[in-house]
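Engineer: Please see the structure below; I have some questions.
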Amino acid sequence: MLGSSRSVAGDMFDRVDAFVRDVSDVQGEADLAELLAEISGEMGFSYFALTHHVDIRRAPAPAIRLANYPSDWVDYFDDESLGPSDPVHRASHLTSIGFPWSKLSSLIRLTPRDHQVLELAARQGIGDGFTIPAHVPGESNGSCSFATNAGRPLQEEHLPLAQLVGAFAFEAARRVWRVRHADSHPSRQLTDRQRDCVLWAARGKSDWEIARILGISHETVIQYLKRARERYGVSKRTMLAVHALFDGTISFTDVLKR
Amino acid sequence: MVLVAERVRQPLDDGVLRAMFEARKRVFVDLLKWDVPVLDGRFELDQFDDEHAIYLIVRGDEGEHLGSARLLETVRPHLLDTLFADLCAPPPPRGTNVLEITRFCLERRLSAPRRLAVRNCLVSGLVDYALLRGIATYTGIAEMAWLQQILAFGWVCRPLGLPRIRNGKMLGALRIDISAETPTLLARNGIYTAPALDLSDTLEAA
């Protein structure tokens, strides 16, 4: 919505504010992808790609990948294990500010193979792009990219907006992937809340203390721990901690570190 | 353990705070090359380091400075309503239950794992301090790499304005909303360490 008394920057901020509120609520990948597709289009892009820079087929931990690139390109990308070596990804490791792909050669030395990769992408319809680096210490490098259809120029005025969209979308993806991985792990039997209660119980807190720590009612804590005991088929609090440690739901570090 | 210093009239008279101002000089002036005043060639402090500033300090076994942060009242002039007003789209959040986090500083000489541990301790201390004092919102300004880390702690963050380039760095302003659930959100990302807050009279109070 463009009002005559509002600045363009004000509208762009309102848009990113709305996007951030929307992604903070998403429960799954599909919803997040839809929000990204929507805002990409509004910024004048046809494609988005939010990803960890790993070889997706060999990555040991579940790697984040959310993109709407043409599927032929995605297949080629993965067949060639381009995750770690893609020139756009490599350049993103050297800066924390979003950059247009036209500036790639000022960040890294482009090899003949790099030129070939960029050319192949263009032939698949992926034109000019803008990439926002996303790095969390202790985790794989990642980024969020937006790209135009080949032949269409970047709309540079949207870049500060894209910077924030990329940062908040990446964090939303981290959250979605963390929850998804927890549910799909065969030994993980507890909900987030049940696990929180088990962890504090393992740290020696009473039900009442746990209620205070988590800001929920005493009765609710009793119920969560009862469900957790039922899931593990145990009747004692101590055995609950032992089982949760055994299957990795909680770790010794979680329990003991202060 | 996180030491809390509130209402300190002469911060430079205190040994613990002097060590903090020296660490701030090493990080913000020597390393990050910020254009900020330095006293005696040793201490980094500015007009906001007065008796209204609150300091949280993580110390090592020998009492040495490992990390610290400065909190500024938003009902008084602070960074977001003075030097960095262009980073905030609406008027900046202001109130007795809103504090601005500034000068978040980790000792340079720490190893990477140790630095992350101190970082997590300091962030946990910020949350516990907010819950203790009824602070509902923190605001702050961060360079983009640090901003991504701040989001990754897992607490509830919202942008306050579009980011801008200043001296070759892109800066953005954030608000962080604190509630009883915040320790759990941080714990899910392996950040919350439930540190003890030390509000002792090691330092002179008002």
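Order determines the names: the first chain of the structure tokens is A, the second B, and so forth; residues in each chain are numbered 1 upward, and ligands are numbered 1 upward as they are shown.
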Got a sec to pull out which chain A residues are within 6 Å of chain B, counting only C-alpha atoms, and send them as a list of chain:residue names?

Structural biologist: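 Residues of chain A within 6 Å of chain B, counting only C-alpha atoms: A:Phe13, A:Ser96, A:Val136, A:Pro160, A:Gly215, A:Arg258.
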
Engineer: Could you pull out the alpha helix (DSSP H) residues of segment 143-235 of chain A, going by DSSP on the backbone, and write them as a PyMOL selection string?

Structural biologist: chain A and resi 159-184+192-202+207-214+218-232

Engineer: Residues of segment 51-75 of chain B within 7 Å of segment 2-25 of chain B: nearest atom pair and distance (Å, one decimal) for each, counting only C-alpha atoms, sorted by chain and number, as a Markdown table?

Structural biologist:
```
| residue | atom | partner | partner_atom | distance |
| --- | --- | --- | --- | --- |
| B:Glu51 | CA | B:Arg7 | CA | 4.7 |
| B:His52 | CA | B:Arg7 | CA | 5.6 |
| B:Ala53 | CA | B:Glu6 | CA | 6.8 |
| B:Ile54 | CA | B:Glu6 | CA | 4.8 |
| B:Tyr55 | CA | B:Ala5 | CA | 5.0 |
| B:Leu56 | CA | B:Val4 | CA | 4.7 |
| B:Ile57 | CA | B:Leu3 | CA | 5.0 |
| B:Val58 | CA | B:Val2 | CA | 4.9 |
| B:His65 | CA | B:Met20 | CA | 6.2 |
```

Engineer: From segment 64-222 of chain A, collect each residue whose DSSP state is strand (DSSP E) and return the set as a VMD selection string.

Structural biologist: chain A and resid 65 to 67 99 to 100 126 to 135 141 to 149

Engineer: Between atom CA of Gly134 of chain B and atom CA of His218 of chain A, what is the distance, to one decimal in Å?

Structural biologist: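 We find that atom CA of Gly134 of chain B and atom CA of His218 of chain A lie 22.4 Å from each other.
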
Engineer: What's around segment 97-111 of chain B at 10 Å? Count only C-alpha atoms, leave out sequence neighbours fewer than 3 positions away in its own chain, and write the answer as a count of residues only.

Structural biologist: 57

Engineer: Provide the atom CA of Ala67 of chain A to atom CA of Asp11 of chain A distance in Å, to one decimal place.

Structural biologist: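 Interatomic distance, atom CA of Ala67 of chain A to atom CA of Asp11 of chain A: 26.1 Å.
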
Engineer: Check the smallest atom-to-atom distance from each of A:Val16, A:Arg227, A:Pro70, A:Gly204 to Ala167 of chain A using only C-alpha atoms, then report the winner.

Structural biologist: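 Between A:Val16, A:Arg227, A:Pro70, A:Gly204, the residue approaching Ala167 of chain A most closely is A:Val16.
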
Engineer: Taking into account only C-alpha atoms, which residue in the set A:Val165, A:Ala228, A:Ile216, A:Leu50 is nearest to Gln194 of chain A?

Structural biologist: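 Comparing A:Val165, A:Ala228, A:Ile216, A:Leu50 against Gln194 of chain A, the winner is A:Ala228.
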
Engineer: Given the choices A:Arg15, A:His93, A:Arg65, A:Arg212, which gets closest to Phe170 of chain A if the distance is worked out from only C-alpha atoms?

Structural biologist: A:Arg65

Engineer: What's around Val198 of chain A at 12 Å? Count only C-alpha atoms, leave out sequence neighbours fewer than 4 positions away in its own chain, and write the answer as number ranges by chain.

Structural biologist: A: 189-194, 202-207, 210, 214, 221-229, 232, 236-245, 249-251, 254-255
